[in-house]
file structure_16.pdb (PDB, C-alpha atoms)
ATOM      1  CA  MET A   1      -2.222   1.465  33.866
ATOM      2  CA  SER A   2      -3.897  -0.617  31.188
ATOM      3  CA  ILE A   3      -7.530  -0.085  30.279
ATOM      4  CA  GLN A   4      -9.850  -3.045  29.905
ATOM      5  CA  ARG A   5     -10.819  -3.599  26.286
ATOM      6  CA  ASN A   6     -14.480  -3.761  25.322
ATOM      7  CA  ALA A   7     -15.866  -7.118  24.231
ATOM      8  CA  GLN A   8     -15.401  -7.841  20.497
ATOM      9  CA  ALA A   9     -12.968  -4.926  20.105
ATOM     10  CA  PHE A  10      -9.698  -6.778  19.525
ATOM     11  CA  TYR A  11      -8.681  -7.821  15.958
ATOM     12  CA  LEU A  12     -11.102  -7.519  13.045
ATOM     13  CA  SER A  13     -10.339 -10.338  10.593
ATOM     14  CA  SER A  14     -11.670 -11.214   7.173
ATOM     15  CA  SER A  15     -12.993 -14.236   5.433
ATOM     16  CA  LEU A  16     -10.373 -16.648   4.037
ATOM     17  CA  SER A  17      -9.713 -17.145   0.339
ATOM     18  CA  THR A  18      -8.413 -20.674  -0.257
ATOM     19  CA  THR A  19      -8.468 -21.015  -4.051
ATOM     20  CA  GLY A  20      -7.130 -19.237  -7.123
ATOM     21  CA  THR A  21      -5.231 -15.973  -7.490
ATOM     22  CA  SER A  22      -8.129 -13.498  -7.254
ATOM     23  CA  HIS A  23      -9.298 -12.851  -3.708
ATOM     24  CA  ASP A  24     -12.306 -10.816  -2.556
ATOM     25  CA  LEU A  25     -12.128 -10.434   1.227
ATOM     26  CA  GLU A  26     -14.373  -8.701   3.740
ATOM     27  CA  ALA A  27     -14.864  -8.312   7.474
ATOM     28  CA  GLU A  28     -17.987  -7.126   9.298
ATOM     29  CA  SER A  29     -17.614  -5.343  12.621
ATOM     30  CA  ALA A  30     -19.652  -6.455  15.627
ATOM     31  CA  THR A  31     -19.282  -3.060  17.323
ATOM     32  CA  ASN A  32     -18.079   0.508  16.765
ATOM     33  CA  LEU A  33     -14.305   0.480  16.244
ATOM     34  CA  LEU A  34     -11.295   2.637  15.455
ATOM     35  CA  LEU A  35      -9.173   0.866  12.831
ATOM     36  CA  ASP A  36      -5.395   0.869  13.256
ATOM     37  CA  THR A  37      -2.815  -1.437  11.589
ATOM     38  CA  LEU A  38      -3.850  -3.477   8.561
ATOM     39  CA  LEU A  39      -2.025  -6.787   7.982
ATOM     40  CA  VAL A  40      -2.394  -9.178   5.038
ATOM     41  CA  GLN A  41      -1.662 -12.907   4.966
ATOM     42  CA  ASN A  42      -0.776 -13.979   1.428
ATOM     43  CA  THR A  43       0.070 -17.248  -0.301
ATOM     44  CA  GLY A  44       3.708 -16.908   0.735
ATOM     45  CA  ALA A  45       6.321 -14.352   1.759
ATOM     46  CA  THR A  46       7.864 -14.576  -1.716
ATOM     47  CA  ASP A  47       4.701 -13.235  -3.372
ATOM     48  CA  ILE A  48       6.080  -9.699  -3.278
ATOM     49  CA  ILE A  49       4.311  -8.507  -6.418
ATOM     50  CA  ALA A  50       0.755  -9.285  -5.281
ATOM     51  CA  GLU A  51      -1.556  -6.306  -5.795
ATOM     52  CA  VAL A  52      -4.350  -4.709  -3.778
ATOM     53  CA  THR A  53      -6.780  -3.859  -6.569
ATOM     54  CA  SER A  54      -9.559  -2.519  -4.328
ATOM     55  CA  ILE A  55      -9.852  -1.392  -0.708
ATOM     56  CA  THR A  56     -13.094  -0.022   0.737
ATOM     57  CA  LEU A  57     -14.575   1.007   4.073
ATOM     58  CA  MET A  58     -18.368   1.051   4.294
ATOM     59  CA  GLY A  59     -18.414   1.004   0.479
ATOM     60  CA  GLN A  60     -16.053   3.981   0.008
ATOM     61  CA  SER A  61     -12.702   3.498  -1.739
ATOM     62  CA  LEU A  62      -9.572   4.293   0.311
ATOM     63  CA  ASN A  63      -7.243   4.270  -2.725
ATOM     64  CA  ALA A  64      -6.719   7.801  -4.038
ATOM     65  CA  SER A  65      -5.207   6.706  -7.357
ATOM     66  CA  SER A  66      -6.170   4.908 -10.547
ATOM     67  CA  ALA A  67      -3.706   2.023 -10.009
ATOM     68  CA  SER A  68      -3.187  -0.949  -7.696
ATOM     69  CA  PHE A  69      -1.112  -0.936  -4.489
ATOM     70  CA  PRO A  70       1.548  -3.500  -3.420
ATOM     71  CA  ALA A  71       0.108  -6.051  -1.010
ATOM     72  CA  CYS A  72       3.588  -6.668   0.438
ATOM     73  CA  ALA A  73       3.253  -3.351   2.293
ATOM     74  CA  PHE A  74       0.848  -5.155   4.640
ATOM     75  CA  TYR A  75       2.835  -8.332   5.310
ATOM     76  CA  SER A  76       3.655  -8.800   8.984
ATOM     77  CA  ASP A  77       7.429  -9.006   8.391
ATOM     78  CA  ASN A  78       7.920  -5.370   7.374
ATOM     79  CA  ASN A  79       8.768  -2.115   9.113
ATOM     80  CA  TYR A  80       5.732  -0.061   8.132
ATOM     81  CA  ALA A  81       3.560  -1.155  11.050
ATOM     82  CA  MET A  82       6.310  -0.284  13.557
ATOM     83  CA  GLU A  83       6.585   3.191  12.078
ATOM     84  CA  GLY A  84       2.842   3.769  12.113
ATOM     85  CA  VAL A  85       2.693   4.716   8.430
ATOM     86  CA  SER A  86       0.223   1.912   7.684
ATOM     87  CA  ALA A  87      -2.244   2.908  10.436
ATOM     88  CA  LEU A  88      -5.725   3.429   9.000
ATOM     89  CA  GLY A  89      -6.950   6.000  11.542
ATOM     90  CA  LEU A  90     -10.568   5.498  10.432
ATOM     91  CA  SER A  91     -13.648   4.308  12.279
ATOM     92  CA  ILE A  92     -16.190   1.669  11.357
ATOM     93  CA  GLY A  93     -19.728   1.385  12.661
ATOM     94  CA  GLN A  94     -21.428  -1.698  14.025
ATOM     95  CA  ASN A  95     -22.417  -4.190  11.282
ATOM     96  CA  ASN A  96     -20.464  -2.297   8.625
ATOM     97  CA  LYS A  97     -17.848  -3.814   6.330
ATOM     98  CA  PHE A  98     -14.189  -3.359   5.428
ATOM     99  CA  ALA A  99     -13.255  -5.064   2.151
ATOM    100  CA  MET A 100     -10.170  -5.739   0.011
ATOM    101  CA  SER A 101      -9.564  -7.377  -3.356
ATOM    102  CA  ILE A 102      -6.108  -8.870  -3.891
ATOM    103  CA  THR A 103      -4.509 -10.424  -6.968
ATOM    104  CA  SER A 104      -1.736 -12.818  -5.963
ATOM    105  CA  VAL A 105       0.883 -14.645  -8.007
ATOM    106  CA  GLY A 106       0.846 -17.802  -5.942
ATOM    107  CA  THR A 107      -2.355 -19.848  -5.766
ATOM    108  CA  ALA A 108      -4.213 -19.850  -2.457
ATOM    109  CA  SER A 109      -5.037 -23.103  -0.704
ATOM    110  CA  ALA A 110      -6.377 -24.345   2.613
ATOM    111  CA  THR A 111      -2.837 -24.354   4.007
ATOM    112  CA  ALA A 112      -1.879 -21.028   2.365
ATOM    113  CA  PRO A 113      -5.006 -18.850   2.473
ATOM    114  CA  VAL A 114      -5.234 -15.141   1.694
ATOM    115  CA  ALA A 115      -6.837 -12.935   4.350
ATOM    116  CA  PHE A 116      -6.482  -9.682   6.277
ATOM    117  CA  SER A 117      -6.627  -8.617   9.927
ATOM    118  CA  ILE A 118      -6.874  -5.122  11.426
ATOM    119  CA  SER A 119      -5.922  -4.134  14.963
ATOM    120  CA  THR A 120      -8.717  -2.117  16.565
ATOM    121  CA  GLU A 121      -9.763  -0.035  19.535
ATOM    122  CA  PRO A 122     -13.287   0.570  20.840
ATOM    123  CA  THR A 123     -14.737   3.997  20.161
ATOM    124  CA  ASP A 124     -17.894   5.953  20.948
ATOM    125  CA  ILE A 125     -17.511   8.168  17.885
ATOM    126  CA  VAL A 126     -17.972   6.802  14.376
ATOM    127  CA  LEU A 127     -17.412   8.984  11.328
ATOM    128  CA  SER A 128     -18.415   7.836   7.876
ATOM    129  CA  PRO A 129     -15.587   7.798   5.299
ATOM    130  CA  ASN A 130     -17.027  10.939   3.703
ATOM    131  CA  GLU A 131     -16.836  12.694   7.080
ATOM    132  CA  SER A 132     -13.216  11.668   7.643
ATOM    133  CA  GLY A 133     -11.582  14.417   5.594
ATOM    134  CA  SER A 134      -8.163  13.629   4.134
ATOM    135  CA  ASN A 135      -7.982  10.348   6.107
ATOM    136  CA  ILE A 136     -10.102   8.754   3.385
ATOM    137  CA  SER A 137      -7.017   8.898   1.149
ATOM    138  CA  TYR A 138      -5.179   5.986   2.751
ATOM    139  CA  LEU A 139      -3.291   4.641  -0.276
ATOM    140  CA  PHE A 140      -1.968   5.919  -3.577
ATOM    141  CA  GLY A 141      -1.259   2.895  -5.734
ATOM    142  CA  MET A 142       1.242   3.097  -8.590
ATOM    143  CA  GLY A 143       0.404  -0.291 -10.115
ATOM    144  CA  LYS A 144       2.715  -2.931 -11.582
ATOM    145  CA  VAL A 145       5.029  -2.861 -14.589
ATOM    146  CA  ASN A 146       7.353  -5.315 -16.301
ATOM    147  CA  LEU A 147      10.945  -4.055 -16.431
ATOM    148  CA  PRO A 148      12.957  -5.702 -19.239
ATOM    149  CA  ALA A 149      16.492  -6.937 -18.596
ATOM    150  CA  GLY A 150      18.820  -3.986 -19.135
ATOM    151  CA  GLY A 151      15.833  -1.830 -20.123
ATOM    152  CA  THR A 152      13.554   0.898 -18.776
ATOM    153  CA  ALA A 153       9.913   1.180 -17.705
ATOM    154  CA  THR A 154       7.593   3.666 -16.011
ATOM    155  CA  LEU A 155       4.944   3.271 -13.333
ATOM    156  CA  GLN A 156       2.189   5.870 -13.699
ATOM    157  CA  ALA A 157      -1.068   6.670 -11.906
ATOM    158  CA  THR A 158      -3.674   9.434 -11.873
ATOM    159  CA  CYS A 159      -4.796  11.106  -8.636
ATOM    160  CA  LEU A 160      -8.555  10.740  -8.093
ATOM    161  CA  ARG A 161      -9.034  13.379  -5.363
ATOM    162  CA  ASP A 162      -7.842  16.806  -4.306
ATOM    163  CA  ASN A 163      -5.392  17.291  -1.424
ATOM    164  CA  VAL A 164      -3.784  13.845  -1.469
ATOM    165  CA  PHE A 165      -0.611  14.017   0.635
ATOM    166  CA  LEU A 166       1.916  11.423  -0.546
ATOM    167  CA  GLY A 167       3.838   9.823   2.329
ATOM    168  CA  ARG A 168       6.036   6.746   2.425
ATOM    169  CA  LEU A 169       6.912   5.091  -0.887
ATOM    170  CA  VAL A 170       6.671   1.280  -0.910
ATOM    171  CA  MET A 171       8.253  -0.827  -3.659
ATOM    172  CA  GLY A 172       8.761  -4.510  -4.388
ATOM    173  CA  GLN A 173       9.856  -6.696  -7.260
ATOM    174  CA  SER A 174       9.890 -10.282  -8.420
ATOM    175  CA  GLY A 175      13.170 -12.159  -8.092
ATOM    176  CA  THR A 176      15.715 -12.055  -5.301
ATOM    177  CA  SER A 177      17.773  -8.894  -5.810
ATOM    178  CA  ASP A 178      16.348  -5.378  -5.968
ATOM    179  CA  ASN A 179      19.827  -3.837  -6.272
ATOM    180  CA  ALA A 180      19.553  -4.312 -10.051
ATOM    181  CA  VAL A 181      16.569  -1.926 -10.251
ATOM    182  CA  GLN A 182      17.286   1.797 -10.196
ATOM    183  CA  ILE A 183      14.909   4.763  -9.781
ATOM    184  CA  THR A 184      15.791   7.495 -12.271
ATOM    185  CA  SER A 185      12.850   9.843 -11.669
ATOM    186  CA  ILE A 186       9.827  10.422  -9.436
ATOM    187  CA  LYS A 187       7.560  13.136 -10.792
ATOM    188  CA  VAL A 188       4.225  14.768 -10.004
ATOM    189  CA  ASP A 189       2.769  16.658 -12.964
ATOM    190  CA  GLY A 190       6.233  16.757 -14.504
ATOM    191  CA  ILE A 191       7.888  18.185 -11.371
ATOM    192  CA  GLU A 192      10.877  16.120 -10.225
ATOM    193  CA  LEU A 193      10.872  15.049  -6.557
ATOM    194  CA  LEU A 194      14.328  13.451  -6.457
ATOM    195  CA  SER A 195      17.019  15.853  -5.248
ATOM    196  CA  ALA A 196      19.896  15.234  -7.674
ATOM    197  CA  VAL A 197      20.655  17.679 -10.460
ATOM    198  CA  ASN A 198      20.449  14.749 -12.867
ATOM    199  CA  PRO A 199      18.663  11.768 -11.265
ATOM    200  CA  THR A 200      19.057   9.718 -14.442
ATOM    201  CA  ALA A 201      22.847   9.905 -14.138
ATOM    202  CA  THR A 202      22.799   9.362 -10.364
ATOM    203  CA  PRO A 203      19.880   6.964  -9.793
ATOM    204  CA  THR A 204      18.500   5.753  -6.467
ATOM    205  CA  PRO A 205      18.551   1.973  -5.793
ATOM    206  CA  MET A 206      15.092   0.483  -5.427
ATOM    207  CA  SER A 207      16.312  -1.314  -2.295
ATOM    208  CA  VAL A 208      16.030   2.051  -0.498
ATOM    209  CA  PHE A 209      12.254   1.704  -0.772
ATOM    210  CA  SER A 210      11.954  -1.984   0.125
ATOM    211  CA  ARG A 211       9.756  -3.096   3.020
ATOM    212  CA  SER A 212      12.889  -4.015   5.021
ATOM    213  CA  SER A 213      14.349  -0.482   4.851
ATOM    214  CA  PHE A 214      14.904   1.190   8.217
ATOM    215  CA  ASP A 215      14.936   4.773   6.913
ATOM    216  CA  ARG A 216      11.998   6.170   8.873
ATOM    217  CA  SER A 217      11.995   9.742   7.598
ATOM    218  CA  GLY A 218      13.692   9.994   4.214
ATOM    219  CA  LEU A 219      11.181   7.732   2.474
ATOM    220  CA  GLN A 220       8.345  10.228   2.878
ATOM    221  CA  ALA A 221       7.563  12.057  -0.375
ATOM    222  CA  ASN A 222       5.663  14.800   1.529
ATOM    223  CA  TYR A 223       4.075  16.192  -1.618
ATOM    224  CA  ILE A 224       0.430  17.144  -2.150
ATOM    225  CA  CYS A 225      -1.375  16.056  -5.321
ATOM    226  CA  SER A 226      -4.542  17.463  -6.823
ATOM    227  CA  GLN A 227      -7.317  15.644  -8.658
ATOM    228  CA  ASN A 228      -6.075  14.483 -12.081
ATOM    229  CA  SER A 229      -2.405  14.966 -11.107
ATOM    230  CA  ILE A 230      -0.144  12.451 -12.854
ATOM    231  CA  VAL A 231       2.447  10.675 -10.693
ATOM    232  CA  SER A 232       5.223   8.689 -12.380
ATOM    233  CA  ILE A 233       8.210   6.602 -11.292
ATOM    234  CA  SER A 234      10.850   5.876 -13.946
ATOM    235  CA  LEU A 235      12.898   2.685 -13.645
ATOM    236  CA  LYS A 236      15.940   1.162 -15.278
ATOM    237  CA  SER A 237      17.427  -2.309 -14.952
ATOM    238  CA  THR A 238      21.118  -3.111 -14.632
ATOM    239  CA  HIS A 239      20.368  -6.835 -14.830
ATOM    240  CA  GLY A 240      21.554  -8.227 -18.121
ATOM    241  CA  ALA A 241      19.566 -11.468 -18.172
ATOM    242  CA  ASP A 242      16.179 -11.364 -16.440
ATOM    243  CA  ALA A 243      13.117  -9.161 -16.684
ATOM    244  CA  VAL A 244      11.351  -8.363 -13.391
ATOM    245  CA  ASP A 245       7.911  -7.151 -12.352
ATOM    246  CA  VAL A 246       7.900  -4.077 -10.106
ATOM    247  CA  VAL A 247       5.055  -2.865  -7.865
ATOM    248  CA  ALA A 248       4.871   0.442  -6.018
ATOM    249  CA  GLY A 249       2.627   2.797  -4.090
ATOM    250  CA  PHE A 250       2.559   5.530  -1.475
ATOM    251  CA  PHE A 251       0.946   5.470   1.941
ATOM    252  CA  CYS A 252      -0.911   8.776   2.207
ATOM    253  CA  LYS A 253      -0.747  11.164   5.152
ATOM    254  CA  PRO A 254      -3.635  13.147   6.650
ATOM    255  CA  ILE A 255      -3.648  16.899   6.124
ATOM    256  CA  ALA A 256      -4.324  18.762   9.342
TER     257      ALA A 256
END

call {"tool": "encode", "arguments": {"input": "structure_16.pdb", "output": "structure tokens"}}
result
Amino acid sequence: MSIQRNAQAFYLSSSLSTTGTSHDLEAESATNLLLDTLLVQNTGATDIIAEVTSITLMGQSLNASSASFPACAFYSDNNYAMEGVSALGLSIGQNNKFAMSITSVGTASATAPVAFSISTEPTDIVLSPNESGSNISYLFGMGKVNLPAGGTATLQATCLRDNVFLGRLVMGQSGTSDNAVQITSIKVDGIELLSAVNPTATPTPMSVFSRSSFDRSGLQANYICSQNSIVSISLKSTHGADAVDVVAGFFCKPIA
């Protein structure tokens, strides 16, 4: 049996950004809500290397790292929403704000605006972000790096809080083929997370971590970071002609 939804408790959507490549978006709730799946509309589906540079709920940051997070993780044509890994699981009080800042590659316009929408449910209980425990660590951005043709590069970020549980790794790159990008190491404080004896000699294709991947369990890092922990992802390119930009980040998991 379905339950009738409260008035003004359906989708919470933001303002529209229709110019430039820097977008400051916010939405104000008309009632008390539980926030679920966050979706972003960008300048185009090919803008895979757009970055979420800030994400806040009631003024509190939800990014547990020092670096940006890939905006493509929130596009509607990915598998993260189906798996539930992108669910916010946080509440917002009446007349409070959820905000995001996004840097895109394509330029926004009236016909290609940048905005976000969040699916919601009504709730009688509202916790402030500071009362939400480990749920406040929603994202762990790894930033963006330029990977030279045939070369190497490293994404690196610093953990800003204690007890940050790294979940699903999200990656994207400019260009059309991510088979030319290989992951040779994923480390936390110098401790290797990849399982091979020598990950550099037996690298993992970046396509494993793309938003179209259907691996629903193996992409979870399941590793807890402490404040000031250093997380790094080492990359190499097998493409002989073109450099690419690579973005990455982890969805975090709550700690019971």

call {"tool": "atom_distance", "arguments": {"input": "structure_16.pdb", "atom1": "CA of Asn78 (chain A)", "atom2": "CA of Pro199 (chain A)"}}
result
27.5 Å

call {"tool": "residues_around", "arguments": {"input": "structure_16.pdb", "residues": "region 228-243 of chain A", "least_positions_apart": "3", "cutoff": "9 Å", "atoms": "all atoms listed in the file", "output": "PyMOL selection string"}}
result
chain A and resi 142+146-162+174-175+179-190+203+206+225+248

call {"tool": "closest_atom_pairs", "arguments": {"input": "structure_16.pdb", "of": "region 140-227 of chain A", "to": "region 70-76 of chain A", "cutoff": "8 Å", "atoms": "all atoms listed in the file", "output": "tab-separated table"}}
result
residue	atom	partner	partner_atom	distance
A:Gly141	CA	A:Pro70	CA	7.4
A:Gly143	CA	A:Pro70	CA	7.5
A:Val170	CA	A:Ala73	CA	6.6
A:Met171	CA	A:Pro70	CA	7.2
A:Gly172	CA	A:Pro70	CA	7.3
A:Arg211	CA	A:Ala73	CA	6.5

call {"tool": "write_last_selection", "arguments": {"input": "structure_16.pdb", "atoms": "C-alpha atoms", "output": "compact mmCIF listing (two decimals), in the coordinates of the input"}}
result
# COMPACT_ATOMS: atom_id res chain seq x y z
CA GLY A 141 -1.26 2.90 -5.73
CA GLY A 143 0.40 -0.29 -10.12
CA VAL A 170 6.67 1.28 -0.91
CA MET A 171 8.25 -0.83 -3.66
CA GLY A 172 8.76 -4.51 -4.39
CA ARG A 211 9.76 -3.10 3.02

call {"tool": "atom_distance", "arguments": {"input": "structure_16.pdb", "atom1": "CA of Ser66 (chain A)", "atom2": "CA of Phe140 (chain A)"}}
result
8.2 Å

call {"tool": "residues_around", "arguments": {"input": "structure_16.pdb", "residues": "Ala7 (chain A)", "least_positions_apart": "4", "cutoff": "10 Å", "atoms": "all atoms listed in the file", "output": "list in words"}}
result
Ala30, Thr31 and Pro122 of chain A

call {"tool": "closest_atom_pairs", "arguments": {"input": "structure_16.pdb", "of": "region 124-155 of chain A", "to": "region 44-58 of chain A", "cutoff": "12 Å", "atoms": "all atoms listed in the file", "output": "CSV"}}
result
residue,atom,partner,partner_atom,distance
A:Val126,CA,A:Met58,CA,11.6
A:Leu127,CA,A:Met58,CA,10.6
A:Ser128,CA,A:Met58,CA,7.7
A:Pro129,CA,A:Leu57,CA,7.0
A:Asn130,CA,A:Met58,CA,10.0
A:Ser132,CA,A:Leu57,CA,11.3
A:Asn135,CA,A:Leu57,CA,11.6
A:Ile136,CA,A:Leu57,CA,9.0
A:Ser137,CA,A:Thr56,CA,10.8
A:Tyr138,CA,A:Ile55,CA,9.4
A:Leu139,CA,A:Ile55,CA,8.9
A:Phe140,CA,A:Val52,CA,10.9
A:Gly141,CA,A:Val52,CA,8.4
A:Met142,CA,A:Glu51,CA,10.2
A:Gly143,CA,A:Glu51,CA,7.7
A:Lys144,CA,A:Ile49,CA,7.8
A:Val145,CA,A:Ile49,CA,10.0
A:Asn146,CA,A:Ile49,CA,10.8

call {"tool": "axis_aligned_box", "arguments": {"input": "structure_16.pdb", "around": "region 230-239 of chain A", "padding_each_side": "3 Å", "output": "lines of an AutoDock Vina configuration file"}}
result
center_x = 10.5
center_y = 2.8
center_z = -13.0
size_x = 27.3
size_y = 25.3
size_z = 10.6

call {"tool": "residues_around", "arguments": {"input": "structure_16.pdb", "residues": "Asn6 (chain A)", "least_positions_apart": "2", "cutoff": "9 Å", "atoms": "all atoms listed in the file", "output": "compact mmCIF listing (two decimals) with C-alpha atoms, keeping the file's coordinate frame"}}
result
# COMPACT_ATOMS: atom_id res chain seq x y z
CA GLN A 4 -9.85 -3.04 29.90
CA GLN A 8 -15.40 -7.84 20.50
CA ALA A 9 -12.97 -4.93 20.10
CA PHE A 10 -9.70 -6.78 19.52
CA GLU A 121 -9.76 -0.04 19.54
CA PRO A 122 -13.29 0.57 20.84

call {"tool": "atom_distance", "arguments": {"input": "structure_16.pdb", "atom1": "CA of Leu12 (chain A)", "atom2": "CA of Met100 (chain A)"}}
result
13.2 Å

call {"tool": "resolve_selection", "arguments": {"input": "structure_16.pdb", "expression": "the PyMOL selection byres ((chain A and resi 125) around 9)", "output": "list in words"}}
result
Asn32, Leu33, Leu34, Ser91, Gly93, Thr123, Asp124, Val126 and Leu127 of chain A

call {"tool": "closest_residue", "arguments": {"input": "structure_16.pdb", "among": "A:Val164, A:Tyr11, A:Phe209, A:Ile118", "to": "Gln227 (chain A)", "atoms": "all atoms listed in the file"}}
result
A:Val164

call {"tool": "closest_residue", "arguments": {"input": "structure_16.pdb", "among": "A:Ala115, A:Ala110, A:Ala196, A:Cys252", "to": "Arg168 (chain A)", "atoms": "all atoms listed in the file"}}
result
A:Cys252
